[in-house]
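S.K.: Pasting protein-v4.txt here (compact mmCIF, C-alpha atoms):
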```txt
# COMPACT_ATOMS: atom_id res chain seq x y z
CA MET A 1 9.02 -28.83 -22.86
CA ALA A 2 8.96 -25.17 -23.88
CA ASP A 3 12.11 -23.25 -23.09
CA SER A 4 10.45 -19.97 -22.25
CA GLY A 5 7.65 -18.84 -19.99
CA THR A 6 5.45 -15.77 -19.62
CA TYR A 7 6.23 -13.76 -16.52
CA LEU A 8 3.28 -11.79 -15.12
CA TYR A 9 3.81 -8.46 -13.31
CA ALA A 10 0.46 -6.78 -12.87
CA VAL A 11 -3.13 -6.59 -14.04
CA THR A 12 -5.22 -3.49 -14.79
CA ARG A 13 -8.68 -2.84 -16.21
CA GLU A 14 -8.87 -2.44 -19.96
CA GLU A 15 -10.68 0.89 -19.56
CA ASP A 16 -7.80 2.51 -17.73
CA ARG A 17 -5.07 0.76 -19.65
CA ALA A 18 -1.89 2.78 -19.32
CA ASP A 19 -0.56 4.83 -22.21
CA PRO A 20 1.94 2.48 -23.91
CA ALA A 21 4.51 5.26 -23.43
CA VAL A 22 4.74 4.40 -19.72
CA LEU A 23 6.57 1.21 -20.68
CA GLU A 24 9.18 3.05 -22.71
CA GLY A 25 12.55 2.58 -21.13
CA VAL A 26 11.15 0.04 -18.65
CA THR A 27 12.92 -3.31 -18.66
CA GLY A 28 11.39 -6.38 -17.11
CA VAL A 29 13.08 -9.21 -15.24
CA ALA A 30 16.05 -10.80 -17.02
CA GLY A 31 16.28 -7.66 -19.18
CA ALA A 32 13.23 -8.53 -21.27
CA ALA A 33 10.83 -6.06 -22.91
CA VAL A 34 7.41 -5.75 -21.30
CA ARG A 35 4.22 -6.13 -23.32
CA THR A 36 0.50 -6.34 -22.67
CA VAL A 37 -2.00 -9.15 -23.05
CA ALA A 38 -5.59 -7.87 -23.12
CA HIS A 39 -8.53 -10.18 -22.51
CA ALA A 40 -11.93 -10.17 -20.82
CA GLY A 41 -11.79 -6.44 -20.04
CA LEU A 42 -8.44 -6.79 -18.28
CA VAL A 43 -4.86 -6.09 -19.29
CA ALA A 44 -1.94 -8.19 -18.09
CA TYR A 45 1.62 -6.84 -18.19
CA VAL A 46 3.99 -9.65 -19.08
CA SER A 47 7.39 -10.47 -20.52
CA THR A 48 9.04 -13.60 -21.85
CA VAL A 49 11.53 -15.26 -19.54
CA PRO A 50 13.90 -18.16 -20.23
CA LEU A 51 12.96 -21.22 -18.18
CA GLU A 52 16.65 -22.02 -17.89
CA GLN A 53 16.61 -19.12 -15.43
CA PHE A 54 12.99 -19.18 -14.24
CA GLY A 55 12.33 -22.90 -14.11
CA GLU A 56 11.88 -24.46 -10.72
CA GLU A 57 15.39 -25.88 -10.25
CA PRO A 58 17.32 -22.81 -11.46
CA LEU A 59 15.04 -20.62 -9.38
CA ARG A 60 15.83 -22.62 -6.27
CA ARG A 61 19.49 -21.83 -6.80
CA SER A 62 18.86 -18.20 -7.76
CA LEU A 63 16.86 -17.56 -4.62
CA GLU A 64 20.03 -18.17 -2.64
CA ASP A 65 21.69 -15.24 -4.37
CA LEU A 66 20.63 -11.96 -2.79
CA ASP A 67 21.93 -9.99 -5.77
CA TRP A 68 19.69 -11.99 -8.08
CA VAL A 69 16.70 -11.61 -5.79
CA GLY A 70 17.37 -7.88 -5.51
CA GLU A 71 17.70 -7.36 -9.26
CA THR A 72 14.60 -9.40 -9.98
CA ALA A 73 12.56 -7.66 -7.29
CA ARG A 74 13.63 -4.24 -8.55
CA ALA A 75 12.84 -5.09 -12.15
CA HIS A 76 9.43 -6.45 -11.13
CA HIS A 77 8.79 -3.36 -9.02
CA GLY A 78 9.90 -1.04 -11.83
CA VAL A 79 7.26 -2.46 -14.15
CA VAL A 80 4.55 -2.35 -11.48
CA GLU A 81 5.42 1.27 -10.62
CA ALA A 82 5.35 2.37 -14.25
CA VAL A 83 1.90 0.87 -14.71
CA ALA A 84 0.53 2.00 -11.33
CA GLU A 85 1.56 5.58 -12.06
CA SER A 86 -1.47 6.03 -14.27
CA SER A 87 -3.85 3.12 -13.63
CA SER A 88 -5.54 1.27 -10.84
CA THR A 89 -3.20 -1.72 -10.65
CA ALA A 90 -3.15 -5.16 -9.05
CA PRO A 91 0.51 -6.16 -8.65
CA VAL A 92 1.19 -9.88 -8.87
CA ARG A 93 3.40 -11.86 -6.47
CA LEU A 94 7.09 -11.94 -7.41
CA VAL A 95 7.95 -14.73 -9.88
CA THR A 96 4.61 -15.84 -11.28
CA VAL A 97 5.35 -17.61 -14.55
CA TYR A 98 2.87 -19.03 -17.07
CA GLY A 99 3.48 -21.39 -19.94
CA GLY A 100 2.39 -18.78 -22.49
CA GLU A 101 0.00 -15.98 -23.32
CA ASP A 102 -2.92 -18.39 -23.77
CA GLN A 103 -2.63 -19.44 -20.16
CA VAL A 104 -2.55 -15.77 -19.12
CA ARG A 105 -5.73 -15.12 -21.14
CA ASP A 106 -7.45 -18.12 -19.56
CA MET A 107 -6.54 -16.81 -16.13
CA LEU A 108 -7.85 -13.31 -16.93
CA ALA A 109 -11.16 -14.80 -18.06
CA ARG A 110 -11.40 -17.10 -15.05
CA ARG A 111 -10.52 -14.48 -12.43
CA HIS A 112 -12.23 -11.55 -14.11
CA GLU A 113 -14.73 -10.93 -11.33
CA GLU A 114 -12.20 -10.97 -8.52
CA PHE A 115 -9.75 -8.76 -10.39
CA SER A 116 -12.50 -6.24 -11.12
CA GLU A 117 -13.43 -6.17 -7.48
CA VAL A 118 -9.86 -5.71 -6.27
CA LEU A 119 -9.13 -3.06 -8.91
CA SER A 120 -12.14 -0.98 -7.97
CA GLN A 121 -11.17 -1.29 -4.30
CA VAL A 122 -7.70 0.18 -4.94
CA ALA A 123 -8.71 2.81 -7.54
CA GLY A 124 -7.69 6.33 -6.49
CA ARG A 125 -5.76 4.93 -3.55
CA ARG A 126 -2.14 4.21 -2.78
CA GLU A 127 -0.36 2.13 -0.21
CA TRP A 128 1.89 3.75 2.40
CA GLY A 129 4.31 1.89 4.61
CA VAL A 130 4.89 2.92 8.21
CA LYS A 131 7.63 1.39 10.31
CA ALA A 132 8.11 2.19 13.97
CA TYR A 133 11.27 1.35 15.91
CA ALA A 134 11.89 1.48 19.63
CA GLU A 135 14.60 4.00 20.30
CA ARG A 136 17.44 2.53 22.31
CA ALA A 137 16.84 3.44 25.91
CA ALA A 138 19.73 5.41 27.35
CA GLU A 139 21.54 3.50 30.08
CA PRO A 140 20.71 5.00 33.46
CA PRO A 141 23.64 6.81 35.03
CA PRO A 142 25.88 4.42 36.97
CA ASP A 143 25.35 6.24 40.25
CA GLN A 144 21.60 5.77 40.10
CA GLY A 145 20.31 4.76 43.51
CA ALA A 146 23.24 6.43 45.25
CA ASP A 147 20.87 8.49 47.33
CA GLU A 148 19.31 5.35 48.73
CA PRO A 149 20.81 4.37 52.05
CA ALA A 150 23.48 1.80 51.37
CA SER A 151 22.64 -1.57 52.78
CA SER A 152 25.19 -3.56 54.64
CA SER A 153 25.76 -5.83 51.67
CA PRO A 154 27.27 -4.53 48.41
CA GLY A 155 25.94 -7.65 46.71
CA THR A 156 22.36 -6.76 47.64
CA ASP A 157 22.90 -3.21 46.41
CA TYR A 158 24.16 -4.50 43.12
CA LEU A 159 21.15 -6.78 42.68
CA LYS A 160 18.77 -3.97 43.57
CA ARG A 161 20.36 -1.63 41.04
CA ARG A 162 20.34 -4.32 38.41
CA LYS A 163 16.68 -5.06 39.04
CA ALA A 164 15.77 -1.39 38.85
CA ARG A 165 17.65 -1.07 35.56
CA LEU A 166 15.90 -4.11 34.08
CA ARG A 167 12.57 -2.79 35.28
CA SER A 168 13.10 0.57 33.65
CA ARG A 169 14.16 -1.12 30.42
CA ASP A 170 11.04 -3.31 30.51
CA ASP A 171 8.91 -0.27 31.15
CA ALA A 172 10.49 1.57 28.24
CA TRP A 173 9.89 -1.42 26.00
CA ARG A 174 6.29 -1.80 27.08
CA GLU A 175 5.68 1.89 26.60
CA ALA A 176 7.22 1.84 23.12
CA ALA A 177 5.20 -1.24 22.14
CA GLY A 178 2.05 0.46 23.40
CA ARG A 179 2.90 3.57 21.40
CA ALA A 180 3.26 1.42 18.27
CA GLU A 181 -0.23 0.01 18.83
CA ASP A 182 -1.56 3.55 19.21
CA ILE A 183 0.21 4.64 16.04
CA HIS A 184 -1.36 1.76 14.13
CA ALA A 185 -4.84 2.44 15.53
CA THR A 186 -4.59 6.15 14.71
CA LEU A 187 -3.47 5.49 11.13
CA VAL A 188 -6.16 2.86 10.60
CA ALA A 189 -8.73 5.60 11.21
CA VAL A 190 -7.38 7.61 8.25
CA ALA A 191 -6.86 4.61 5.95
CA VAL A 192 -9.34 2.59 3.91
CA ALA A 193 -7.61 -0.67 4.81
CA SER A 194 -4.52 -1.76 6.69
CA ARG A 195 -2.29 -4.75 7.01
CA ARG A 196 0.58 -5.52 9.32
CA HIS A 197 3.64 -7.16 7.87
CA ARG A 198 6.04 -9.05 10.07
CA PRO A 199 8.73 -6.92 11.68
CA GLN A 200 11.75 -6.91 9.37
CA ASP A 201 14.69 -9.17 10.02
CA PRO A 202 17.61 -6.98 11.18
CA ARG A 203 19.87 -8.91 8.79
CA LEU A 204 17.82 -7.53 5.91
CA SER A 205 16.98 -4.10 7.29
CA GLY A 206 20.49 -3.45 8.57
CA ARG A 207 19.06 -1.75 11.65
CA ASP A 208 19.47 -3.06 15.14
CA GLU A 209 16.68 -1.07 16.77
CA VAL A 210 13.70 -3.28 17.55
CA MET A 211 10.97 -2.88 14.97
CA LEU A 212 7.62 -2.53 16.70
CA LEU A 213 5.37 -1.93 13.73
CA ASN A 214 5.63 -2.73 10.03
CA GLY A 215 2.29 -1.56 8.74
CA ALA A 216 0.81 -0.98 5.30
CA TYR A 217 -2.08 1.43 4.86
CA LEU A 218 -4.30 1.92 1.85
CA VAL A 219 -5.09 5.63 1.71
CA ASP A 220 -7.37 7.66 -0.56
CA ASP A 221 -5.26 9.95 -2.71
CA ASP A 222 -7.18 12.96 -1.48
CA ARG A 223 -6.42 12.09 2.15
CA ARG A 224 -2.70 11.70 1.52
CA ALA A 225 -1.81 15.02 3.20
CA GLU A 226 -4.04 14.21 6.14
CA PHE A 227 -2.35 10.83 6.53
CA ALA A 228 1.11 12.43 6.50
CA ALA A 229 0.01 15.11 8.99
CA THR A 230 -1.49 12.48 11.30
CA LEU A 231 1.74 10.55 11.17
CA ASP A 232 3.80 13.63 11.97
CA GLU A 233 1.70 14.29 15.05
CA LEU A 234 2.49 10.78 16.26
CA ARG A 235 6.22 11.39 16.19
CA GLY A 236 7.92 11.91 19.51
CA PRO A 237 10.69 10.63 21.74
CA GLY A 238 10.94 6.89 22.43
CA VAL A 239 9.78 5.70 19.02
CA GLN A 240 11.25 6.37 15.58
CA ILE A 241 8.78 6.43 12.74
CA GLU A 242 9.55 5.94 9.06
CA LEU A 243 7.19 6.48 6.18
CA THR A 244 7.67 4.79 2.79
CA GLY A 245 5.62 5.14 -0.33
CA PRO A 246 3.50 5.75 -2.14
CA TRP A 247 3.48 2.12 -3.21
CA ALA A 248 1.33 0.29 -5.70
CA PRO A 249 -1.25 -1.53 -3.54
CA TYR A 250 0.89 -4.65 -3.05
CA SER A 251 -0.54 -5.40 0.38
CA PHE A 252 -4.18 -4.99 -0.61
CA THR A 253 -4.71 -7.16 -3.62
CA GLN A 254 -5.60 -10.55 -2.24
CA LEU A 255 -7.97 -12.32 -4.57
CA GLY A 256 -10.59 -14.65 -3.26
CA PRO A 257 -9.91 -18.37 -3.68
CA ASP A 258 -9.97 -19.51 -7.28
CA PRO A 259 -13.13 -21.55 -7.74
CA SER A 260 -11.50 -23.61 -10.46
CA ALA A 261 -8.08 -23.88 -8.84
CA ALA A 262 -8.52 -27.53 -7.99
CA GLU A 263 -9.41 -28.47 -11.57
CA ALA A 264 -6.68 -26.25 -12.95
CA ARG A 265 -4.12 -27.98 -10.79
CA GLY A 266 -5.38 -31.30 -12.02
CA ASP A 267 -4.82 -30.17 -15.62
CA THR A 268 -1.11 -29.60 -15.33
CA MET B 1 21.58 1.50 -11.72
CA THR B 2 22.74 2.34 -8.24
CA ARG B 3 22.34 -0.22 -5.50
CA GLU B 4 22.13 2.32 -2.76
CA MET B 5 19.68 1.47 -0.04
CA ALA B 6 17.64 4.30 1.40
CA PRO B 7 16.08 3.13 4.63
CA ARG B 8 15.90 6.67 5.88
CA GLY B 9 14.51 8.21 2.72
CA ALA B 10 11.17 8.90 4.35
CA GLU B 11 11.03 12.56 3.37
CA LEU B 12 11.79 11.84 -0.25
CA ALA B 13 9.46 8.90 -0.28
CA ALA B 14 6.66 10.92 1.22
CA GLU B 15 6.74 13.17 -1.80
CA GLY B 16 6.70 10.21 -4.14
CA ARG B 17 10.10 11.03 -5.56
CA LEU B 18 12.02 7.97 -4.46
CA PRO B 19 13.27 6.27 -7.64
CA ALA B 20 12.61 2.54 -7.82
CA GLU B 21 16.28 1.63 -7.54
CA ARG B 22 16.60 3.48 -4.24
CA VAL B 23 13.70 1.81 -2.49
CA ALA B 24 15.12 -0.34 0.31
CA LEU B 25 15.20 -3.96 -0.81
CA VAL B 26 13.79 -5.13 2.51
CA ASP B 27 10.69 -2.94 2.10
CA LEU B 28 10.30 -4.26 -1.41
CA LEU B 29 10.56 -7.88 -0.28
CA ASP B 30 7.88 -7.31 2.36
CA ARG B 31 5.54 -6.44 -0.45
CA LEU B 32 6.73 -8.69 -3.24
CA LEU B 33 6.99 -11.84 -1.13
CA SER B 34 3.97 -11.46 1.12
CA GLY B 35 1.83 -9.11 -0.98
CA GLY B 36 0.69 -9.06 -4.58
CA VAL B 37 -1.90 -11.24 -6.19
CA VAL B 38 -1.28 -14.94 -5.75
CA ILE B 39 -2.77 -16.85 -8.65
CA THR B 40 -3.16 -20.54 -8.94
CA GLY B 41 -3.76 -22.79 -11.89
CA ASP B 42 -1.94 -23.15 -15.23
CA LEU B 43 1.22 -21.76 -13.72
CA VAL B 44 4.56 -23.04 -14.78
CA LEU B 45 5.88 -21.72 -11.56
CA SER B 46 5.07 -19.51 -8.65
CA ILE B 47 7.44 -18.54 -5.90
CA ALA B 48 4.85 -20.01 -3.59
CA ASP B 49 5.84 -23.42 -4.98
CA ILE B 50 9.44 -23.04 -3.97
CA ASP B 51 10.39 -24.54 -0.70
CA LEU B 52 12.19 -21.66 0.93
CA VAL B 53 13.41 -23.33 4.07
CA ARG B 54 16.89 -24.71 4.13
CA ILE B 55 19.53 -22.24 3.08
CA SER B 56 20.34 -19.03 4.91
CA LEU B 57 18.98 -16.61 2.35
CA ARG B 58 15.87 -18.69 2.00
CA ALA B 59 15.51 -18.48 5.74
CA LEU B 60 15.97 -14.75 5.49
CA ILE B 61 13.39 -14.43 2.78
CA MET B 62 11.16 -16.74 4.71
CA SER B 63 11.37 -14.38 7.66
CA VAL B 64 9.45 -11.86 5.59
CA ARG B 65 6.47 -14.14 5.61
CA ALA B 66 7.15 -16.69 8.28
CA SER B 67 3.66 -16.27 9.64
CA GLU B 68 2.35 -17.95 6.53
CA PRO B 69 2.60 -21.69 6.23
CA LEU B 70 4.53 -22.88 3.20
CA GLU B 71 2.27 -22.50 0.26
CA THR B 72 1.77 -25.06 -2.41
CA GLY B 73 -0.08 -22.82 -4.80
CA VAL B 74 -3.16 -22.52 -2.63
CA ARG B 75 -4.00 -19.16 -1.23
CA HIS B 76 -4.16 -18.96 2.52
CA GLU B 77 -6.57 -16.73 4.32
CA GLN B 78 -4.90 -13.49 5.22
CA SER B 79 -5.18 -12.33 8.76
CA PRO B 80 -7.62 -9.41 8.96
CA LEU B 81 -5.00 -7.16 10.57
```
Show me this structure written as structure tokens.

M.R.:
Amino acid sequence: MADSGTYLYAVTREEDRADPAVLEGVTGVAGAAVRTVAHAGLVAYVSTVPLEQFGEEPLRRSLEDLDWVGETARAHHGVVEAVAESSSTAPVRLVTVYGGEDQVRDMLARRHEEFSEVLSQVAGRREWGVKAYAERAAEPPPDQGADEPASSSPGTDYLKRRKARLRSRDDAWREAAGRAEDIHATLVAVAVASRRHRPQDPRLSGRDEVMLLNGAYLVDDDRRAEFAATLDELRGPGVQIELTGPWAPYSFTQLGPDPSAAEARGDT
Amino acid sequence: MTREMAPRGAELAAEGRLPAERVALVDLLDRLLSGGVVITGDLVLSIADIDLVRISLRALIMSVRASEPLETGVRHEQSPL
């Protein structure tokens, strides 16, 4: 078995192949140099990776190491960003490893149509991320309800106050969730396409506010200012909004099913 | 390379000046683990082949894309959202 594989980062069209200078100073995963494989009117950005690190078993172990995952993700992203700076780019899912360049060429030939379609869909457009968090509702003052006539039972009063507090928290939550839906709907109108990611796990995001929206929006470059202005108008109390980007169109590059996938799987 | 996370770097990011190493890892994982082209066939390996269930970090990573069933190299239909 070969001891190295070909790691694939991104695919562009041959006609807007990036100036090779964009790869200067860019290091791929595992510190490897990045090169291009051109075939069938497409260009793949690849590097050689040792299978002792990127084989299935080692990868299983590595994926338990957040530092490794972080380094690998950043290296992958660095290559994608460098390429996407100047070309319409289809980023590839993290850790996609081929046996060699021939297999990459075969794939480019086989998926040429779908890549061309995706690449023309994302040309002149960038992805923006919008996250909305519910602001923590302030606790109502402890003497709330003091102007209500006290009932004979302090226990009943306590339950009433507690109910009222829960109700107001529920209302605040519902209102914030509704706002997040509005935010999404408003942004969708300015975007070419949108996709909602799952709310982030607080253990990864490090934030304990509840995430209401984790959206990705594909926006024409010439509507970028309009998108930002629309987002700013949506800001207000109750919901915190964060914008990230511009990103390479990671969330908008799903290829159709591979017609020959079944055969290809049978080959291996 | 700094490892600083910048979850609140929205202003910088909005102007496209956020250097790659300062992008929050969690935002990156959203995109790298549930986005990007998934290709099948002739692969030595794809992360989609790795069973990401048991260990804590796998569970964490899985949470990024828990709405997707475990993939075995076959692309699943994305929800139209």

S.K.: What residues in chain A have any atom no more than 6 Å from chain B when counting all atoms listed in the file, and can you write them as a PyMOL selection string?

M.R.: chain A and resi 64+91-99+195-196+204-205+242-246+250-251+253-254+261+264-265

S.K.: Excluding Tyr9 of chain A and its own-chain neighbours fewer than 6 positions away, which residues fall within 7 Å of it when counting all atoms listed in the file? Please give them as a VMD selection string.

M.R.: chain A and resid 45 to 46 76 79 to 80 91 to 92

S.K.: Distance atom CA of Asp221 of chain A-atom CA of Phe115 of chain A, one decimal place?

M.R.: 20.7 Å

S.K.: Residues within 10 Å of (13.2, 2.1, -19.0), file coordinates, counting all atoms listed in the file: what are they? Give the list as number ranges by chain.

M.R.: A: 22-28, 33, 75, 78-79, 82

S.K.: Calculate how many Å separate atom CA of Val239 of chain A from atom CA of Arg161 of chain A, rounding to one decimal.

M.R.: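 Computing it gives 25.5 Å between the two atoms.
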
S.K.: Which residues are near segment 118-133 of chain A? Cut-off 7 Å, only C-alpha atoms, ignore same chain within fewer than 6 positions. Put them as a list of chain:residue names.

M.R.: A:Ser88, A:Thr89, A:Ala90, A:Ala180, A:Glu209, A:Val210, A:Met211, A:Leu212, A:Leu213, A:Asn214, A:Gly215, A:Ala216, A:Tyr217, A:Leu218, A:Val219, A:Asp220, A:Asp221, A:Val239, A:Gln240, A:Ile241, A:Glu242, A:Leu243, A:Thr244, A:Gly245, A:Pro246, A:Trp247, A:Ala248, A:Pro249, A:Thr253

S.K.: Using all atoms listed in the file, find the one residue out of A:Thr186, A:Ser152, A:Ser116, A:Gln200 that sits nearest to Leu231 of chain A.

M.R.: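 Closest to Leu231 of chain A, using all atoms listed in the file: A:Thr186.
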
S.K.: Atom CA of Lys163 of chain A to atom CA of Ala177 of chain A: how many Å, to one decimal?

M.R.: 20.8 Å

S.K.: Taking all atoms listed in the file into account, which of A:Thr72, A:Asp222, A:Ala38, A:Leu255 comes nearest Glu117 of chain A?

M.R.: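 Going through A:Thr72, A:Asp222, A:Ala38, A:Leu255 one by one, the smallest distance to Glu117 of chain A is for A:Leu255.
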
S.K.: Let me make sure I understand: among A:Ser168, A:Ser86, A:Thr156, A:Thr6, which one has the smallest atom-to-atom distance to Ala44 of chain A if we use all atoms listed in the file?

M.R.: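 Under the stated criterion, the closest residue is A:Thr6.
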
S.K.: For Asp16 of chain A, work out the shell of residues within 8 Å, counting only C-alpha atoms and skipping chain neighbours fewer than 3 positions away, then give it as a list in words.

M.R.: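 The neighbour list is Thr12, Arg13, Ser87 and Ser88 of chain A.
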
S.K.: Residues within 7 Å of (17.8, -24.8, -19.7), file coordinates, counting all atoms listed in the file: what are they? Give the list as a list of chain:residue names.

M.R.: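 Residues found, by chain and rising number: A:Asp3, A:Leu51, A:Glu52.
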
S.K.: For Leu187 of chain A, find every residue with an atom within 8 Å (counting all atoms listed in the file), except residues of its own chain fewer than 3 positions away, and show them as number ranges by chain.

M.R.: A: 183-184, 190-191, 217, 227, 230-231

S.K.: With all atoms listed in the file as the atoms that count, which of A:Asp182, A:Glu101, A:Arg162, A:Arg74 lies nearest to Glu233 of chain A?

M.R.: A:Asp182
